[in-house]
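Everything below belongs to final.txt, which stores compact mmCIF, C-alpha atoms.
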```
# COMPACT_ATOMS: atom_id res chain seq x y z
CA MET R 1 41.32 -20.00 -10.98
CA LYS R 2 38.92 -22.88 -10.55
CA GLY R 3 39.09 -24.66 -7.24
CA PHE R 4 38.09 -27.91 -5.61
CA ALA R 5 35.30 -26.82 -3.29
CA SER R 6 32.49 -28.72 -4.97
CA ASP R 7 31.38 -30.34 -8.19
CA ASN R 8 28.40 -27.99 -7.80
CA TYR R 9 30.74 -25.12 -8.63
CA ALA R 10 31.15 -26.36 -12.20
CA GLY R 11 28.95 -24.94 -14.91
CA ALA R 12 26.54 -26.90 -17.07
CA HIS R 13 27.94 -29.10 -19.82
CA PRO R 14 27.58 -27.63 -23.34
CA GLU R 15 25.51 -30.63 -24.48
CA VAL R 16 23.07 -29.95 -21.64
CA LEU R 17 22.79 -26.27 -22.52
CA ALA R 18 22.21 -27.21 -26.15
CA ALA R 19 19.41 -29.57 -25.10
CA ILE R 20 17.74 -26.78 -23.12
CA ALA R 21 17.98 -24.46 -26.12
CA ASP R 22 16.50 -27.13 -28.40
CA ALA R 23 13.59 -27.59 -25.98
CA ASN R 24 12.90 -23.85 -26.13
CA ASP R 25 10.91 -24.22 -29.33
CA GLY R 26 7.38 -22.88 -29.28
CA HIS R 27 4.76 -23.89 -26.75
CA ALA R 28 4.51 -27.18 -24.88
CA ALA R 29 2.11 -28.52 -22.29
CA ALA R 30 3.01 -27.52 -18.74
CA TYR R 31 3.66 -29.52 -15.56
CA GLY R 32 5.39 -32.44 -17.24
CA ALA R 33 2.68 -33.25 -19.82
CA ASP R 34 5.18 -32.74 -22.63
CA PRO R 35 7.21 -34.99 -24.98
CA TRP R 36 10.53 -34.18 -23.28
CA THR R 37 9.30 -35.39 -19.89
CA ALA R 38 7.88 -38.54 -21.48
CA ARG R 39 11.25 -39.22 -23.12
CA ALA R 40 13.19 -38.55 -19.89
CA GLU R 41 10.94 -40.98 -18.03
CA GLU R 42 11.49 -43.55 -20.78
CA LEU R 43 15.27 -43.17 -20.49
CA LEU R 44 15.13 -43.49 -16.71
CA ARG R 45 13.22 -46.76 -17.18
CA GLU R 46 15.91 -47.93 -19.60
CA HIS R 47 18.58 -47.28 -16.98
CA PHE R 48 16.71 -48.40 -13.87
CA GLY R 49 14.25 -50.99 -15.17
CA GLU R 50 10.85 -51.10 -16.84
CA GLN R 51 9.05 -51.01 -13.49
CA ALA R 52 10.75 -47.76 -12.43
CA LEU R 53 8.57 -44.69 -11.87
CA SER R 54 10.40 -41.37 -11.94
CA TYR R 55 9.56 -37.80 -10.99
CA LEU R 56 11.70 -34.76 -11.71
CA VAL R 57 12.32 -32.15 -9.02
CA PHE R 58 14.45 -29.02 -8.76
CA ASN R 59 17.22 -30.11 -6.39
CA GLY R 60 18.77 -32.88 -4.34
CA SER R 61 17.41 -31.73 -0.99
CA ALA R 62 13.90 -32.02 -2.36
CA ALA R 63 14.64 -35.42 -3.89
CA ASN R 64 15.81 -36.75 -0.52
CA VAL R 65 13.05 -35.17 1.54
CA LEU R 66 10.34 -36.27 -0.86
CA SER R 67 11.70 -39.82 -0.94
CA ILE R 68 11.49 -39.91 2.83
CA ARG R 69 7.99 -38.44 2.82
CA ALA R 70 6.86 -41.12 0.39
CA LEU R 71 8.44 -44.04 2.22
CA CYS R 72 7.74 -43.15 5.86
CA ARG R 73 4.72 -42.54 7.99
CA PRO R 74 4.94 -39.90 10.75
CA TRP R 75 5.94 -42.32 13.50
CA GLU R 76 8.65 -44.00 11.45
CA SER R 77 12.37 -43.24 11.17
CA VAL R 78 15.30 -43.32 8.76
CA ILE R 79 18.57 -45.02 9.69
CA CYS R 80 21.54 -43.28 8.08
CA ALA R 81 25.25 -42.69 8.53
CA ALA R 82 26.13 -39.80 10.82
CA GLN R 83 28.10 -38.20 7.96
CA SER R 84 25.23 -38.53 5.48
CA HIS R 85 24.00 -35.51 3.57
CA ILE R 86 20.48 -35.89 4.94
CA ASN R 87 21.86 -35.71 8.47
CA VAL R 88 24.38 -32.88 8.26
CA ASP R 89 23.69 -30.86 5.11
CA GLU R 90 19.93 -30.52 4.71
CA CYS R 91 19.46 -27.91 7.47
CA GLY R 92 17.11 -30.31 9.28
CA ALA R 93 14.73 -30.54 6.29
CA PRO R 94 14.05 -34.30 6.60
CA GLU R 95 12.90 -33.79 10.17
CA TRP R 96 11.21 -30.42 9.70
CA ILE R 97 9.51 -30.91 6.32
CA ALA R 98 9.15 -34.70 6.17
CA GLY R 99 8.59 -34.88 9.93
CA THR R 100 10.73 -38.01 10.12
CA LYS R 101 13.27 -38.79 12.81
CA LEU R 102 16.79 -39.62 11.61
CA GLN R 103 18.74 -42.30 13.46
CA ALA R 104 22.32 -41.29 12.64
CA VAL R 105 24.99 -43.96 13.08
CA PRO R 106 28.67 -43.00 13.57
CA THR R 107 30.93 -44.65 10.98
CA LEU R 108 34.57 -44.40 9.93
CA ASP R 109 33.95 -44.25 6.19
CA ALA R 110 30.36 -42.93 5.94
CA LYS R 111 29.13 -46.41 4.99
CA LEU R 112 26.47 -48.48 6.73
CA THR R 113 26.66 -52.23 7.25
CA PRO R 114 23.94 -54.67 8.30
CA GLU R 115 25.56 -54.78 11.74
CA LEU R 116 25.40 -51.01 12.14
CA VAL R 117 21.78 -50.96 11.01
CA GLU R 118 20.97 -53.77 13.42
CA SER R 119 22.24 -51.62 16.30
CA GLN R 120 19.44 -49.12 15.57
CA ILE R 121 16.56 -51.58 15.44
CA ALA R 122 14.93 -51.83 18.84
CA ARG R 123 11.57 -51.59 20.59
CA ILE R 124 9.69 -52.77 17.52
CA GLY R 125 5.97 -52.57 18.21
CA ASP R 126 6.46 -50.31 21.22
CA GLU R 127 4.06 -47.40 20.81
CA HIS R 128 6.37 -45.17 22.85
CA ALA R 129 9.27 -45.56 20.44
CA VAL R 130 9.84 -44.41 16.87
CA GLN R 131 9.69 -47.34 14.46
CA PRO R 132 12.53 -47.78 11.91
CA ARG R 133 11.27 -47.90 8.33
CA VAL R 134 14.00 -46.80 5.89
CA VAL R 135 17.73 -47.37 5.60
CA SER R 136 19.27 -44.52 3.59
CA ILE R 137 22.76 -44.72 2.13
CA SER R 138 24.74 -42.34 -0.09
CA GLN R 139 26.44 -43.62 -3.23
CA SER R 140 29.11 -42.41 -3.46
CA THR R 141 29.32 -41.30 0.15
CA GLU R 142 30.05 -37.92 1.67
CA LEU R 143 33.62 -39.12 2.32
CA GLY R 144 34.18 -40.14 -1.28
CA THR R 145 33.90 -43.86 -0.57
CA ARG R 146 31.57 -46.17 -2.45
CA TYR R 147 29.52 -49.30 -1.90
CA SER R 148 30.09 -52.39 -4.03
CA PRO R 149 27.03 -54.09 -5.53
CA TYR R 150 27.54 -56.89 -3.00
CA GLU R 151 27.50 -54.46 -0.06
CA ILE R 152 24.28 -52.84 -1.26
CA SER R 153 22.69 -56.22 -1.89
CA ALA R 154 23.56 -57.31 1.65
CA LEU R 155 22.00 -54.14 3.07
CA ALA R 156 18.86 -54.55 0.96
CA HIS R 157 18.47 -58.20 1.95
CA PHE R 158 18.95 -57.34 5.61
CA ALA R 159 16.50 -54.42 5.43
CA HIS R 160 13.79 -56.37 3.63
CA GLU R 161 14.05 -59.28 6.06
CA ARG R 162 13.20 -56.81 8.83
CA GLY R 163 10.42 -55.00 6.99
CA LEU R 164 12.58 -51.99 6.12
CA LEU R 165 13.14 -50.23 2.79
CA LEU R 166 16.44 -49.16 1.23
CA HIS R 167 16.85 -45.65 -0.18
CA VAL R 168 19.92 -44.41 -2.03
CA ASP R 169 20.92 -40.77 -2.00
CA GLY R 170 22.44 -40.85 -5.47
CA ALA R 171 23.67 -37.29 -5.81
CA ARG R 172 26.89 -38.88 -7.10
CA LEU R 173 25.47 -42.22 -8.22
CA ALA R 174 26.99 -41.68 -11.67
CA ASN R 175 30.47 -41.36 -10.13
CA ALA R 176 30.06 -44.64 -8.28
CA ALA R 177 28.76 -46.48 -11.35
CA ALA R 178 31.53 -45.09 -13.53
CA ALA R 179 34.18 -46.04 -10.98
CA LEU R 180 32.77 -49.57 -10.70
CA ASP R 181 32.30 -49.73 -14.49
CA VAL R 182 28.72 -50.94 -14.14
CA PRO R 183 25.30 -49.70 -15.33
CA LEU R 184 23.25 -47.55 -12.97
CA ARG R 185 20.83 -50.41 -12.33
CA ALA R 186 23.65 -52.71 -11.17
CA ILE R 187 23.99 -50.69 -7.95
CA THR R 188 20.29 -49.96 -7.52
CA THR R 189 17.56 -52.05 -9.13
CA ASP R 190 19.52 -55.27 -9.49
CA VAL R 191 20.61 -55.31 -5.84
CA GLY R 192 17.26 -54.64 -4.19
CA VAL R 193 17.14 -50.85 -3.73
CA ASP R 194 13.61 -49.48 -3.32
CA ALA R 195 14.04 -45.79 -4.17
CA VAL R 196 16.78 -43.51 -5.51
CA SER R 197 17.42 -39.79 -5.46
CA PHE R 198 19.24 -39.65 -8.79
CA GLY R 199 21.52 -36.65 -9.12
CA GLY R 200 22.28 -34.61 -12.19
CA THR R 201 23.43 -31.25 -10.85
CA LYS R 202 26.82 -32.56 -9.71
CA ASN R 203 27.32 -34.28 -13.06
CA GLY R 204 26.91 -31.52 -15.60
CA ILE R 205 23.29 -30.39 -15.70
CA LEU R 206 22.01 -26.93 -14.82
CA LEU R 207 19.48 -27.93 -12.20
CA GLY R 208 17.30 -30.88 -11.43
CA GLU R 209 17.26 -34.31 -9.86
CA ALA R 210 14.99 -37.33 -10.25
CA VAL R 211 13.18 -39.35 -7.61
CA VAL R 212 13.06 -42.90 -8.94
CA PHE R 213 10.92 -45.57 -7.32
CA LEU R 214 12.16 -49.02 -8.26
CA GLN R 215 9.09 -50.65 -6.73
CA PRO R 216 5.98 -48.92 -8.14
CA GLU R 217 3.89 -49.40 -5.01
CA HIS R 218 6.13 -46.96 -3.13
CA ALA R 219 5.20 -44.18 -5.57
CA GLU R 220 1.53 -44.16 -4.61
CA GLY R 221 0.39 -40.56 -4.16
CA PHE R 222 3.83 -39.17 -4.95
CA ARG R 223 2.61 -36.71 -7.56
CA TYR R 224 0.55 -35.05 -4.84
CA LEU R 225 3.51 -34.97 -2.46
CA ARG R 226 5.66 -33.38 -5.16
CA LYS R 227 3.13 -30.62 -5.76
CA GLN R 228 2.49 -30.11 -2.05
CA THR R 229 6.24 -29.78 -1.43
CA LEU R 230 6.56 -27.09 -4.13
CA GLN R 231 8.60 -29.22 -6.53
CA LEU R 232 6.32 -29.52 -9.57
CA ALA R 233 7.94 -27.52 -12.37
CA SER R 234 5.49 -25.67 -14.59
CA LYS R 235 7.93 -25.69 -17.53
CA GLY R 236 8.98 -29.24 -16.91
CA ARG R 237 10.36 -29.74 -20.40
CA PHE R 238 13.49 -27.81 -19.44
CA LEU R 239 14.24 -30.14 -16.52
CA ALA R 240 13.52 -33.15 -18.71
CA ALA R 241 15.67 -31.99 -21.64
CA GLN R 242 18.73 -32.06 -19.40
CA PHE R 243 18.15 -35.66 -18.38
CA ILE R 244 17.69 -36.60 -22.02
CA ALA R 245 21.10 -35.08 -22.76
CA LEU R 246 22.62 -36.90 -19.80
CA LEU R 247 21.06 -40.33 -20.36
CA GLU R 248 20.35 -40.75 -24.08
CA GLY R 249 24.02 -41.36 -24.79
CA ASP R 250 26.91 -41.78 -22.40
CA LEU R 251 27.31 -38.19 -21.18
CA TRP R 252 26.48 -39.19 -17.62
CA ARG R 253 29.30 -41.75 -17.65
CA ARG R 254 31.81 -39.55 -19.50
CA ASN R 255 31.35 -36.68 -17.07
CA ALA R 256 31.55 -38.86 -13.99
CA ALA R 257 34.51 -40.93 -15.21
CA HIS R 258 36.47 -37.78 -15.99
CA ALA R 259 35.82 -36.30 -12.54
CA ASN R 260 36.85 -39.59 -10.95
CA ALA R 261 40.05 -39.72 -13.00
CA MET R 262 40.99 -36.20 -11.92
CA ALA R 263 40.49 -37.11 -8.26
CA ALA R 264 42.62 -40.22 -8.71
CA ARG R 265 45.33 -38.09 -10.30
CA LEU R 266 45.27 -35.64 -7.40
CA GLY R 267 45.30 -38.39 -4.78
CA ALA R 268 48.22 -40.13 -6.45
CA ALA R 269 50.17 -36.87 -6.70
CA LEU R 270 49.84 -36.23 -2.96
CA VAL R 271 50.53 -39.71 -1.60
CA GLY R 272 53.54 -39.40 0.64
CA ALA R 273 53.65 -35.61 0.48
CA PRO R 274 55.13 -34.27 3.75
CA GLY R 275 52.40 -33.07 6.13
CA ILE R 276 49.55 -34.55 4.09
CA THR R 277 47.54 -37.55 5.26
CA ILE R 278 44.99 -38.96 2.82
CA THR R 279 42.19 -40.13 5.11
CA GLN R 280 39.97 -42.13 2.75
CA PRO R 281 40.58 -44.27 -0.34
CA VAL R 282 39.92 -42.23 -3.49
CA GLN R 283 36.98 -44.15 -4.93
CA ALA R 284 34.98 -41.47 -6.72
CA ASN R 285 35.59 -37.79 -7.45
CA GLY R 286 36.78 -36.60 -4.05
CA VAL R 287 40.03 -36.55 -2.08
CA PHE R 288 39.94 -36.18 1.69
CA ALA R 289 43.10 -35.29 3.59
CA ILE R 290 44.32 -33.93 6.90
CA VAL R 291 46.38 -30.84 6.17
CA PRO R 292 48.25 -28.49 8.54
CA ARG R 293 46.12 -25.44 9.29
CA GLY R 294 48.72 -23.04 7.92
CA VAL R 295 48.82 -24.95 4.64
CA THR R 296 45.04 -24.83 4.32
CA GLU R 297 44.96 -21.09 4.93
CA ALA R 298 47.74 -20.47 2.41
CA LEU R 299 46.10 -22.59 -0.27
CA GLN R 300 42.63 -21.11 0.17
CA ARG R 301 43.90 -17.68 -0.89
CA ASP R 302 44.02 -18.96 -4.47
CA TRP R 303 42.16 -22.27 -4.51
CA PRO R 304 38.61 -22.56 -3.13
CA PHE R 305 37.94 -25.73 -1.11
CA TYR R 306 36.21 -26.67 2.11
CA VAL R 307 37.51 -27.68 5.50
CA TRP R 308 35.55 -30.84 6.17
CA ASN R 309 36.40 -31.30 9.86
CA GLU R 310 37.40 -28.18 11.76
CA HIS R 311 38.66 -30.22 14.71
CA THR R 312 41.05 -32.49 12.83
CA GLY R 313 41.99 -30.21 9.93
CA GLU R 314 40.54 -32.63 7.39
CA VAL R 315 39.76 -31.00 4.04
CA ARG R 316 37.75 -32.04 0.99
CA TRP R 317 38.91 -31.59 -2.58
CA LEU R 318 36.26 -32.39 -5.19
CA CYS R 319 36.78 -32.70 -8.93
CA ALA R 320 34.16 -32.02 -11.58
CA TRP R 321 33.39 -32.84 -15.20
CA ASP R 322 35.41 -29.81 -16.30
CA THR R 323 38.47 -30.21 -14.07
CA THR R 324 41.63 -30.41 -16.17
CA GLU R 325 44.88 -32.27 -15.73
CA ASP R 326 46.78 -28.97 -15.74
CA GLU R 327 44.65 -27.73 -12.83
CA ILE R 328 45.30 -30.92 -10.89
CA ASP R 329 49.04 -30.72 -11.46
CA ALA R 330 49.16 -27.03 -10.55
CA PHE R 331 47.18 -27.57 -7.37
CA ALA R 332 49.26 -30.59 -6.31
CA ALA R 333 52.40 -28.51 -6.81
CA ALA R 334 50.88 -25.67 -4.76
CA VAL R 335 50.05 -28.10 -1.93
CA LYS R 336 53.59 -29.43 -1.83
CA GLN R 337 55.08 -25.95 -1.95
CA ALA R 338 52.84 -24.74 0.88
CA CYS R 339 53.79 -27.76 2.98
CA ALA R 340 57.47 -27.03 2.42
CA VAL R 341 57.04 -23.42 3.55
CA VAL R 342 54.89 -24.14 6.58
```
What would the structure in this file look like if it were written as structure tokens?
Amino acid sequence: MKGFASDNYAGAHPEVLAAIADANDGHAAAYGADPWTARAEELLREHFGEQALSYLVFNGSAANVLSIRALCRPWESVICAAQSHINVDECGAPEWIAGTKLQAVPTLDAKLTPELVESQIARIGDEHAVQPRVVSISQSTELGTRYSPYEISALAHFAHERGLLLHVDGARLANAAAALDVPLRAITTDVGVDAVSFGGTKNGILLGEAVVFLQPEHAEGFRYLRKQTLQLASKGRFLAAQFIALLEGDLWRRNAAHANAMAARLGAALVGAPGITITQPVQANGVFAIVPRGVTEALQRDWPFYVWNEHTGEVRWLCAWDTTEDEIDAFAAAVKQACAVV
């Protein structure tokens, strides 16, 4: 039985696997000097703007850490939400590998506002204090919420006024764009974002993410950073082929929209269920809820999912590109039955 632990649990989409197989044709130049990488970079420019410079890496942790390495100097910091992936799920990599201090801000919905960022800006010019340089947000967030284009624009304007840059951890950027029914650039390039970690793994590809610089000057020296941080793929065509499959048509949107729809179906099915409290609006492909401990334990015998907050009993249920309506309905029924028993 498939569960709801993570969209990472899903396999690769058949169209992606077919693209990898098609790329496995004879010899090709290594380290990204191949036609597939050139085409992937062209497609990323089509989606993010002609000025965009993109670099493929193996995973999302590397995309985030390398973005920070590129945008910050050693005495500078990143302002982020306390719930952000870079703060709680990178095993300290931004601080250990990038050597950059994170200023984590407590929030109710994992979203930053200009006011929250302002609270972290102090002692500018003081050589004894770390100097803020980057505001990093997740879209969609680790709590399944999303930023509107207006909210991102306001953050970008605020950051730029104060000499800061705006980075987007876009592991689920496709889910946010699909939910908002906008192009990828509408919540990045067009609203003032400086750099994006663009995710593919959670949206149907086998492995790989892209670091996309929306202002070319921020990419200076990045190819050296990528190599130095062990993220330059020798057979880069196989990373690139997946992004071609994702971006050449509408596969990225189809996959994300389906996952979102399944989460909406699950959330709607559980509204008002006895013992269940939905804690966040369902705005992407995740449902967050406080569930009695006994119910969680009973459900996890058959359905994999994570406890998000051990202290409150909040759980996370994530849907993927291959989640089916029958699975949603069966799980919702199992939740209700477990609540009735407990």
> So which residues fall inside 8 Å of (20.4, -49.0, -13.5) if we count all atoms listed in the file? Mind giving them as a list in words?
Replying inline: Glu46, His47, Phe48, Gly49, Pro183, Leu184, Arg185, Ala186, Ile187, Thr188, Thr189 and Asp190 of chain R
>> From the options R:Leu230, R:Arg123, R:Cys339, R:Trp317, which residue's atoms come nearest to Pro274 (chain R), counting only C-alpha atoms?
In response: R:Cys339
>> Please report the interatomic distance between CA of Glu297 (chain R) and CA of Lys202 (chain R) in Å with one decimal.
In response: 26.0 Å
> Near region 7-24 of chain R, counting all atoms listed in the file, which residues have an atom at most 8 Å away, once you skip same-chain residues fewer than 6 positions from it, shown as a ChimeraX atom specification?
Replying inline: /R:36,201-206,237-238,241-242,244-246,318-322
> Mind pulling up the distance from CA of Ala240 (chain R) to CA of Ala256 (chain R)?
Replying inline: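 Calculated distance between CA of Ala256 (chain R) and CA of Ala240 (chain R) is 19.5 Å.
Using all atoms listed in the file, the smallest distance between any of R:Ile290, R:Ala159, R:Val65, R:Leu214 and Ala52 (chain R) comes from R:Leu214.
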>> Report, in Å to a single decimal, how far apart CA of Glu118 (chain R) and CA of Leu173 (chain R) are.
In response: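 Here the two named atoms are 24.9 Å from each other.
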> Hey, what's within 10 Å of region 325-337 of chain R if we count only C-alpha atoms and toss same-chain stuff fewer than 6 positions away? As a ChimeraX atom specification, please?
Replying inline: /R:1-4,261-270,273-276,291,295-296,298-299,302-303,319
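Every protein, DNA or RNA residue with an atom at most 7 Å from Val168 (chain R), where all atoms listed in the file count and chain neighbours fewer than 4 positions away do not, is listed here: R:Ser136, R:Ile137, R:Ser138, R:Gln139, R:Ala195, R:Val196, R:Ser197.
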>> Using all atoms listed in the file, which protein or nucleic acid residues come within 12 Å of Glu310 (chain R)? Drop anything in the same chain fewer than 2 positions from it, and give the result as an MDAnalysis selection string.
In response: chainID R and resid 290:293 296 306:308 312:316
Quick one: contact table of region 132-164 of chain R to region 91-115 of chain R, 10 Å max, nearest atom pair and distance in Å to one decimal per residue, counting all atoms listed in the file, chain and number order, as JSON lines?
```
{"residue": "R:Pro132", "atom": "CA", "partner": "R:Gln103", "partner_atom": "CA", "distance": 8.4}
{"residue": "R:Val134", "atom": "CA", "partner": "R:Leu102", "partner_atom": "CA", "distance": 9.6}
{"residue": "R:Val135", "atom": "CA", "partner": "R:Leu112", "partner_atom": "CA", "distance": 8.9}
{"residue": "R:Ser136", "atom": "CA", "partner": "R:Leu112", "partner_atom": "CA", "distance": 8.8}
{"residue": "R:Ile137", "atom": "CA", "partner": "R:Leu112", "partner_atom": "CA", "distance": 7.0}
{"residue": "R:Ser138", "atom": "CA", "partner": "R:Lys111", "partner_atom": "CA", "distance": 7.9}
{"residue": "R:Gln139", "atom": "CA", "partner": "R:Lys111", "partner_atom": "CA", "distance": 9.1}
{"residue": "R:Ser140", "atom": "CA", "partner": "R:Lys111", "partner_atom": "CA", "distance": 9.3}
{"residue": "R:Thr141", "atom": "CA", "partner": "R:Ala110", "partner_atom": "CA", "distance": 6.1}
{"residue": "R:Glu142", "atom": "CA", "partner": "R:Ala110", "partner_atom": "CA", "distance": 6.6}
{"residue": "R:Leu143", "atom": "CA", "partner": "R:Ala110", "partner_atom": "CA", "distance": 6.2}
{"residue": "R:Gly144", "atom": "CA", "partner": "R:Asp109", "partner_atom": "CA", "distance": 8.5}
{"residue": "R:Thr145", "atom": "CA", "partner": "R:Asp109", "partner_atom": "CA", "distance": 6.8}
{"residue": "R:Arg146", "atom": "CA", "partner": "R:Lys111", "partner_atom": "CA", "distance": 7.8}
{"residue": "R:Tyr147", "atom": "CA", "partner": "R:Lys111", "partner_atom": "CA", "distance": 7.5}
{"residue": "R:Glu151", "atom": "CA", "partner": "R:Thr113", "partner_atom": "CA", "distance": 7.7}
{"residue": "R:Ile152", "atom": "CA", "partner": "R:Thr113", "partner_atom": "CA", "distance": 8.9}
{"residue": "R:Ala154", "atom": "CA", "partner": "R:Pro114", "partner_atom": "CA", "distance": 7.2}
{"residue": "R:Leu155", "atom": "CA", "partner": "R:Pro114", "partner_atom": "CA", "distance": 5.6}
{"residue": "R:Ala156", "atom": "CA", "partner": "R:Pro114", "partner_atom": "CA", "distance": 8.9}
{"residue": "R:His157", "atom": "CA", "partner": "R:Pro114", "partner_atom": "CA", "distance": 9.1}
{"residue": "R:Phe158", "atom": "CA", "partner": "R:Pro114", "partner_atom": "CA", "distance": 6.3}
{"residue": "R:Ala159", "atom": "CA", "partner": "R:Pro114", "partner_atom": "CA", "distance": 8.0}
```
